[in-house]
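Novice: Dropping in start.pdb, which is PDB, C-alpha atoms and all ligand atoms:
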ATOM      1  CA  MET E  22      17.058  -5.009   3.282
ATOM      2  CA  ALA E  23      14.854  -4.923   0.227
ATOM      3  CA  ILE E  24      11.973  -7.342  -0.314
ATOM      4  CA  SER E  25      12.468  -9.597  -3.322
ATOM      5  CA  TRP E  26       9.600 -11.103  -5.226
ATOM      6  CA  ARG E  27       9.487 -14.878  -4.882
ATOM      7  CA  ASP E  28       7.094 -17.665  -5.849
ATOM      8  CA  GLU E  29       5.919 -18.009  -2.271
ATOM      9  CA  LEU E  30       4.250 -14.604  -2.655
ATOM     10  CA  ALA E  31       2.287 -15.491  -5.796
ATOM     11  CA  VAL E  32      -1.500 -15.344  -5.456
ATOM     12  CA  ASP E  33      -3.164 -15.098  -8.887
ATOM     13  CA  ALA E  34      -0.535 -14.578 -11.591
ATOM     14  CA  GLY E  35      -2.674 -11.550 -12.456
ATOM     15  CA  VAL E  36      -3.763  -8.158 -11.146
ATOM     16  CA  ILE E  37      -3.195  -8.972  -7.480
ATOM     17  CA  ASP E  38       0.379 -10.118  -8.058
ATOM     18  CA  ASP E  39       0.978  -7.063 -10.253
ATOM     19  CA  ASP E  40      -0.271  -4.836  -7.446
ATOM     20  CA  HIS E  41       1.880  -6.614  -4.877
ATOM     21  CA  LYS E  42       4.960  -6.309  -7.086
ATOM     22  CA  HIS E  43       4.317  -2.618  -7.513
ATOM     23  CA  LEU E  44       3.795  -2.157  -3.770
ATOM     24  CA  ILE E  45       7.029  -4.011  -3.053
ATOM     25  CA  GLU E  46       8.806  -1.689  -5.498
ATOM     26  CA  ILE E  47       7.485   1.381  -3.663
ATOM     27  CA  VAL E  48       8.365  -0.066  -0.238
ATOM     28  CA  ASN E  49      11.894  -0.843  -1.477
ATOM     29  CA  GLN E  50      12.226   2.637  -2.906
ATOM     30  CA  PHE E  51      11.095   4.106   0.407
ATOM     31  CA  THR E  52      13.513   1.849   2.346
ATOM     32  CA  ASP E  53      16.431   2.919   0.111
ATOM     33  CA  LEU E  54      15.599   6.570   0.537
ATOM     34  CA  VAL E  55      15.423   6.299   4.330
ATOM     35  CA  ALA E  56      18.756   4.470   4.428
ATOM     36  CA  GLY E  57      20.511   7.118   2.358
ATOM     37  CA  SER E  58      20.688  10.875   2.541
ATOM     38  CA  PHE E  59      17.340  12.075   1.330
ATOM     39  CA  GLN E  60      15.513  15.290   0.570
ATOM     40  CA  ARG E  61      12.390  15.870   2.652
ATOM     41  CA  GLN E  62      10.218  16.379  -0.441
ATOM     42  CA  ALA E  63      11.506  13.218  -2.110
ATOM     43  CA  LEU E  64      10.693  11.093   0.925
ATOM     44  CA  LEU E  65       7.249  12.642   1.316
ATOM     45  CA  ALA E  66       6.511  12.066  -2.374
ATOM     46  CA  VAL E  67       7.281   8.343  -2.081
ATOM     47  CA  ALA E  68       5.330   8.177   1.187
ATOM     48  CA  ARG E  69       2.324   9.665  -0.580
ATOM     49  CA  GLU E  70       2.622   7.204  -3.442
ATOM     50  CA  LEU E  71       2.798   4.421  -0.885
ATOM     51  CA  TRP E  72      -0.380   5.569   0.805
ATOM     52  CA  GLU E  73      -2.267   6.025  -2.442
ATOM     53  CA  TYR E  74      -1.278   2.786  -4.059
ATOM     54  CA  THR E  75      -1.984   0.795  -0.905
ATOM     55  CA  HIS E  76      -5.435   2.358  -0.828
ATOM     56  CA  VAL E  77      -6.091   1.587  -4.515
ATOM     57  CA  HIS E  78      -4.839  -1.966  -4.129
ATOM     58  CA  PHE E  79      -6.976  -2.691  -1.069
ATOM     59  CA  GLN E  80     -10.036  -1.330  -2.849
ATOM     60  CA  ARG E  81      -9.360  -3.531  -5.852
ATOM     61  CA  GLU E  82      -8.769  -6.626  -3.748
ATOM     62  CA  GLU E  83     -11.892  -6.087  -1.633
ATOM     63  CA  GLU E  84     -14.024  -5.388  -4.719
ATOM     64  CA  LEU E  85     -12.863  -8.663  -6.277
ATOM     65  CA  GLN E  86     -13.585 -10.477  -3.018
ATOM     66  CA  ARG E  87     -17.098  -9.011  -2.923
ATOM     67  CA  ARG E  88     -17.777 -10.074  -6.496
ATOM     68  CA  VAL E  89     -16.839 -13.681  -5.847
ATOM     69  CA  GLN E  90     -18.460 -13.722  -2.395
ATOM     70  CA  TYR E  91     -15.196 -14.503  -0.718
ATOM     71  CA  PRO E  92     -16.031 -16.056   2.685
ATOM     72  CA  PHE E  93     -13.219 -14.298   4.583
ATOM     73  CA  LEU E  94     -13.968 -10.841   3.219
ATOM     74  CA  VAL E  95     -14.858  -9.192   6.539
ATOM     75  CA  ALA E  96     -11.768 -10.403   8.392
ATOM     76  CA  HIS E  97      -9.603  -9.530   5.417
ATOM     77  CA  LYS E  98     -11.033  -6.036   5.198
ATOM     78  CA  HIS E  99     -10.293  -5.556   8.901
ATOM     79  CA  GLU E 100      -6.634  -6.370   8.292
ATOM     80  CA  HIS E 101      -6.543  -3.771   5.517
ATOM     81  CA  GLU E 102      -8.255  -1.180   7.687
ATOM     82  CA  ASP E 103      -5.872  -1.848  10.522
ATOM     83  CA  LEU E 104      -2.849  -1.220   8.291
ATOM     84  CA  MET E 105      -4.402   1.935   6.820
ATOM     85  CA  ARG E 106      -4.978   3.308  10.331
ATOM     86  CA  ARG E 107      -1.388   2.603  11.348
ATOM     87  CA  LEU E 108      -0.088   3.973   8.076
ATOM     88  CA  GLU E 109      -2.133   7.108   8.519
ATOM     89  CA  MET E 110      -0.743   7.728  12.013
ATOM     90  CA  ILE E 111       2.861   7.161  10.997
ATOM     91  CA  LEU E 112       2.569   9.226   7.821
ATOM     92  CA  ASP E 113       1.108  12.113   9.778
ATOM     93  CA  GLU E 114       4.081  11.878  12.168
ATOM     94  CA  LEU E 115       6.412  11.863   9.174
ATOM     95  CA  TYR E 116       4.806  15.026   7.791
ATOM     96  CA  ASP E 117       5.033  16.710  11.160
ATOM     97  CA  ALA E 118       8.660  15.691  11.862
ATOM     98  CA  GLY E 119      10.726  18.728  12.694
ATOM     99  CA  SER E 120      14.099  17.453  11.502
ATOM    100  CA  ILE E 121      15.646  15.107   8.970
ATOM    101  CA  HIS E 122      16.899  12.965  11.845
ATOM    102  CA  ARG E 123      13.367  12.550  13.174
ATOM    103  CA  MET E 124      12.096  11.764   9.651
ATOM    104  CA  GLN E 125      14.768   9.121   9.348
ATOM    105  CA  THR E 126      13.733   7.475  12.631
ATOM    106  CA  ILE E 127      10.048   7.447  11.683
ATOM    107  CA  GLY E 128      10.893   6.376   8.126
ATOM    108  CA  ARG E 129      12.873   3.389   9.373
ATOM    109  CA  GLU E 130       9.991   2.286  11.613
ATOM    110  CA  LEU E 131       7.610   2.612   8.701
ATOM    111  CA  ALA E 132       9.861   0.674   6.332
ATOM    112  CA  GLU E 133      10.174  -2.151   8.874
ATOM    113  CA  LEU E 134       6.442  -2.246   9.533
ATOM    114  CA  LEU E 135       5.646  -2.382   5.828
ATOM    115  CA  LYS E 136       8.149  -5.078   5.026
ATOM    116  CA  ARG E 137       6.839  -7.291   7.805
ATOM    117  CA  TRP E 138       3.182  -6.551   7.241
ATOM    118  CA  LEU E 139       3.184  -6.924   3.482
ATOM    119  CA  VAL E 140       5.004 -10.264   3.382
ATOM    120  CA  ASP E 141       2.985 -11.681   6.311
ATOM    121  CA  HIS E 142      -0.290 -10.490   4.882
ATOM    122  CA  ILE E 143       0.391 -11.868   1.404
ATOM    123  CA  ILE E 144       1.527 -15.238   2.708
ATOM    124  CA  HIS E 145      -1.030 -15.729   5.465
ATOM    125  CA  SER E 146      -4.091 -13.898   4.189
ATOM    126  CA  ASP E 147      -3.927 -13.114   0.481
ATOM    127  CA  ARG E 148      -2.901 -16.609  -0.474
ATOM    128  CA  ARG E 149      -6.155 -17.917   0.967
ATOM    129  CA  MET E 150      -7.773 -16.312  -2.083
ATOM    130  CA  ARG E 151      -6.105 -18.804  -4.388
ATOM    131  CA  PRO E 152      -9.139 -21.086  -4.879
ATOM    132  CA  TYR E 153     -11.094 -18.010  -6.033
ATOM    133  CA  VAL E 154      -8.615 -16.445  -8.422
ATOM    134  CA  GLU E 155     -10.046 -17.958 -11.603
ATOM    135  CA  GLN E 156     -13.394 -16.349 -10.836
ATOM    136  CA  MET E 157     -11.678 -13.125  -9.776
ATOM    137  CA  ARG E 158      -9.792 -12.938 -13.046
ATOM    138  CA  GLN E 159     -13.036 -12.665 -15.026
ATOM    139  CA  HIS E 160     -14.232  -9.803 -12.827
ATOM    140  CA  ALA E 161     -10.859  -8.070 -12.880
ATOM    141  CA  ALA E 162     -11.097  -7.744 -16.656
ATOM    142  CA  GLN E 163     -14.257  -5.637 -16.254
ATOM    143  CA  MET E 164     -13.026  -3.412 -13.453
ATOM    144  CA  ASN E 165     -11.887  -0.432 -15.458
ATOM    145  CA  ARG E 166     -12.995   2.034 -12.865
ATOM    146  CA  LEU E 167     -10.235   0.934 -10.532
ATOM    147  CA  LYS E 168      -7.315   2.244 -12.499
ATOM    148  CA  LYS E 169      -4.046   0.500 -12.043
ATOM    149  CA  ILE E 170      -2.339   3.528 -10.617
ATOM    150  CA  ALA E 171      -4.134   6.387  -8.907
ATOM    151  CA  ARG E 172      -2.850   9.646 -10.298
ATOM    152  CA  PRO E 173      -3.003  12.506  -7.828
ATOM    153  CA  PRO E 174      -4.987  15.456  -9.180
ATOM    154  CA  GLN E 175      -2.972  18.456 -10.361
ATOM    155  CA  THR E 176      -4.687  20.605  -7.788
ATOM    156  CA  ARG E 177      -3.662  18.405  -4.880
ATOM    157  CA  PRO E 178      -2.825  20.623  -1.925
ATOM    158  CA  ALA E 179       0.730  20.760  -0.694
ATOM    159  CA  PRO E 180       1.449  18.612   2.388
ATOM    160  CA  THR E 181       0.127  20.239   5.535
ATOM    161  CA  ARG E 182       0.092  19.377   9.207
ATOM    162  CA  SER E 183      -2.902  17.191   8.501
ATOM    163  CA  GLY E 184      -0.670  14.945   6.416
ATOM    164  CA  PRO E 185      -1.178  12.905   3.263
ATOM    165  CA  ALA E 186      -3.889  10.733   4.683
ATOM    166  CA  ALA E 187      -6.269  13.639   5.178
ATOM    167  CA  ALA E 188      -5.394  15.014   1.746
ATOM    168  CA  VAL E 189      -6.197  11.696   0.096
ATOM    169  CA  ARG E 190      -9.376  11.195   2.096
ATOM    170  CA  SER E 191     -10.694  14.630   1.170
ATOM    171  CA  ARG E 192     -10.571  13.904  -2.574
TER     172      ARG E 192
HETATM  173 FE    FE H 201      -5.034  -8.288   1.180
END
In structure tokens, what does this structure look like?
Ligand SMILES: [Fe+2]
Specialist:
Amino acid sequence: MAISWRDELAVDAGVIDDDHKHLIEIVNQFTDLVAGSFQRQALLAVARELWEYTHVHFQREEELQRRVQYPFLVAHKHEHEDLMRRLEMILDELYDAGSIHRMQTIGRELAELLKRWLVDHIIHSDRRMRPYVEQMRQHAAQMNRLKKIARPPQTRPAPTRSGPAAAVRSR
């Protein structure tokens, strides 16, 4: 089932909520694809977008936390790192899957993990940032270097056995 945006998920009525809404859109798109009959390339393309946008969003959130000296920054960063590690492992498995059936099984696991993780993380961790969002908003306005959406370079290598994570890391 798709995730729907609801007030309970609101953090800053700004860049963080925009990021979360976009992430939810990608997760829902991925979930729909896995549930239907999909083309390998289409699923891998959404998986790559998922990886990249999650990475961009975490960077933005952590940068804002640093700028306002958020007291729970270290623990929060650990949660992000933990998800990125799990995401990396599952995405590599997805790239290496030998059949559509196997991709579907891995894809379903990934969709479930993301739905649970994202909602839990927003509600239990991100919402703790609420007292800091006014300060964050001022910094967010100056953070042009973190573009809203990371565009993959034209020269990006085709998916290999090393998966999307390695490709993104090597940029
Ligand atoms: Fe977060």
Novice: Evaluated on this file, the PyMOL selection byres (((not hetatm)) within 10 of (chain H and resi 201)) picks out some residues - which ones are they, written as an MDAnalysis selection string?
Specialist: chainID E and resid 37 41 75 78:83 86 94 97:101 139 142:150
Novice: Could you please take those selected residues and save C-alpha atoms as a short mmCIF file (atom, residue, chain, number, x, y, z; two decimals), in the coordinates of the input?
Specialist:
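So again21.cif came out as:
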data_model
loop_
_atom_site.label_atom_id
_atom_site.label_comp_id
_atom_site.auth_asym_id
_atom_site.auth_seq_id
_atom_site.Cartn_x
_atom_site.Cartn_y
_atom_site.Cartn_z
CA ILE E 37 -3.20 -8.97 -7.48
CA HIS E 41 1.88 -6.61 -4.88
CA THR E 75 -1.98 0.80 -0.90
CA HIS E 78 -4.84 -1.97 -4.13
CA PHE E 79 -6.98 -2.69 -1.07
CA GLN E 80 -10.04 -1.33 -2.85
CA ARG E 81 -9.36 -3.53 -5.85
CA GLU E 82 -8.77 -6.63 -3.75
CA GLU E 83 -11.89 -6.09 -1.63
CA GLN E 86 -13.58 -10.48 -3.02
CA LEU E 94 -13.97 -10.84 3.22
CA HIS E 97 -9.60 -9.53 5.42
CA LYS E 98 -11.03 -6.04 5.20
CA HIS E 99 -10.29 -5.56 8.90
CA GLU E 100 -6.63 -6.37 8.29
CA HIS E 101 -6.54 -3.77 5.52
CA LEU E 139 3.18 -6.92 3.48
CA HIS E 142 -0.29 -10.49 4.88
CA ILE E 143 0.39 -11.87 1.40
CA ILE E 144 1.53 -15.24 2.71
CA HIS E 145 -1.03 -15.73 5.46
CA SER E 146 -4.09 -13.90 4.19
CA ASP E 147 -3.93 -13.11 0.48
CA ARG E 148 -2.90 -16.61 -0.47
CA ARG E 149 -6.16 -17.92 0.97
CA MET E 150 -7.77 -16.31 -2.08
#
Novice: Restricting the calculation to only C-alpha atoms, which member of E:Leu85, E:Met124, E:Leu134, E:Val32 is positioned closest to Met105 in chain E?
Specialist: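 For Met105 in chain E, the nearest of the given residues is E:Leu134.
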Novice: Counting only C-alpha atoms, which of E:Arg61, E:Gln156, E:Val55, E:Leu71 gets nearest to Thr126 in chain E?
Specialist: E:Val55
Novice: Evaluated on this file, the PyMOL selection byres (((chain E and resi 108) around 10) and not hetatm) picks out some residues - which ones are they, written as a list in words?
Specialist: Ala68, Leu71, Trp72, Thr75, Glu102, Asp103, Leu104, Met105, Arg106, Arg107, Glu109, Met110, Ile111, Leu112, Asp113, Glu114, Leu131, Leu134, Leu135 and Ala186 of chain E
Novice: Kindly save the residues from that selection, with C-alpha atoms included, as a PDB file, in the frame of the given file.
Specialist:
ATOM      1  CA  ALA E  68       5.330   8.177   1.187  1.00  0.00           C
ATOM      2  CA  LEU E  71       2.798   4.421  -0.885  1.00  0.00           C
ATOM      3  CA  TRP E  72      -0.380   5.569   0.805  1.00  0.00           C
ATOM      4  CA  THR E  75      -1.984   0.795  -0.905  1.00  0.00           C
ATOM      5  CA  GLU E 102      -8.255  -1.180   7.687  1.00  0.00           C
ATOM      6  CA  ASP E 103      -5.872  -1.848  10.522  1.00  0.00           C
ATOM      7  CA  LEU E 104      -2.849  -1.220   8.291  1.00  0.00           C
ATOM      8  CA  MET E 105      -4.402   1.935   6.820  1.00  0.00           C
ATOM      9  CA  ARG E 106      -4.978   3.308  10.331  1.00  0.00           C
ATOM     10  CA  ARG E 107      -1.388   2.603  11.348  1.00  0.00           C
ATOM     11  CA  GLU E 109      -2.133   7.108   8.519  1.00  0.00           C
ATOM     12  CA  MET E 110      -0.743   7.728  12.013  1.00  0.00           C
ATOM     13  CA  ILE E 111       2.861   7.161  10.997  1.00  0.00           C
ATOM     14  CA  LEU E 112       2.569   9.226   7.821  1.00  0.00           C
ATOM     15  CA  ASP E 113       1.108  12.113   9.778  1.00  0.00           C
ATOM     16  CA  GLU E 114       4.081  11.878  12.168  1.00  0.00           C
ATOM     17  CA  LEU E 131       7.610   2.612   8.701  1.00  0.00           C
ATOM     18  CA  LEU E 134       6.442  -2.246   9.533  1.00  0.00           C
ATOM     19  CA  LEU E 135       5.646  -2.382   5.828  1.00  0.00           C
ATOM     20  CA  ALA E 186      -3.889  10.733   4.683  1.00  0.00           C
TER      21      ALA E 186
END
Novice: Which neighbours of Ala132 in chain E fall inside 9 Å, counting only C-alpha atoms, when residues of the same chain fewer than 4 positions from it are skipped, and could you give them as a ChimeraX atom specification?
Specialist: /E:48-49,51-52,55,127-128,136-137
Novice: Work out how far CA of Gln62 in chain E is from CA of Ser120 in chain E, in Å to one decimal.
Specialist: 12.6 Å
Novice: Between CA of Ile24 in chain E and CA of Trp138 in chain E, what is the distance, to one decimal in Å?
Specialist: 11.6 Å
Novice: Considering all atoms listed in the file, state which residue in the set E:Ala162, E:Met157, E:Asp117, E:Arg129 is at the smallest distance from Arg88 in chain E.
Specialist: E:Met157
Novice: Considering only C-alpha atoms, can you say which of E:Glu29, E:Glu70, E:Val140, E:Leu54 comes closest to Gln125 in chain E?
Specialist: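 Residue with the minimum atom-to-atom distance to Gln125 in chain E: E:Leu54.
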Novice: Report as number ranges by chain the full result of the PyMOL selection byres (((chain E and resi 39) around 12) and not hetatm) when it is applied to this structure.
Specialist: E: 26, 30-38, 40-46, 74, 78, 81-82, 169-170
Novice: Of the residues E:Gly57, E:Val67, E:Tyr153, E:Leu115, which is the one nearest to Pro92 in chain E, using only C-alpha atoms?
Specialist: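 Among the listed residues, E:Tyr153 lies closest to Pro92 in chain E.
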Novice: Take every atom of range 148-155 of chain E listed in the file, pad by 4 Å on each side, and give me the axis-aligned box centre and edge lengths in Å, one decimal, as lines of an AutoDock Vina configuration file.
Specialist:
center_x = -7.0
center_y = -18.7
center_z = -5.3
size_x = 16.2
size_y = 12.8
size_z = 20.6
Novice: If you measure from CA of Val95 in chain E to CA of Glu133 in chain E, what distance in Å do you get, rounded to one decimal?
Specialist: 26.1 Å
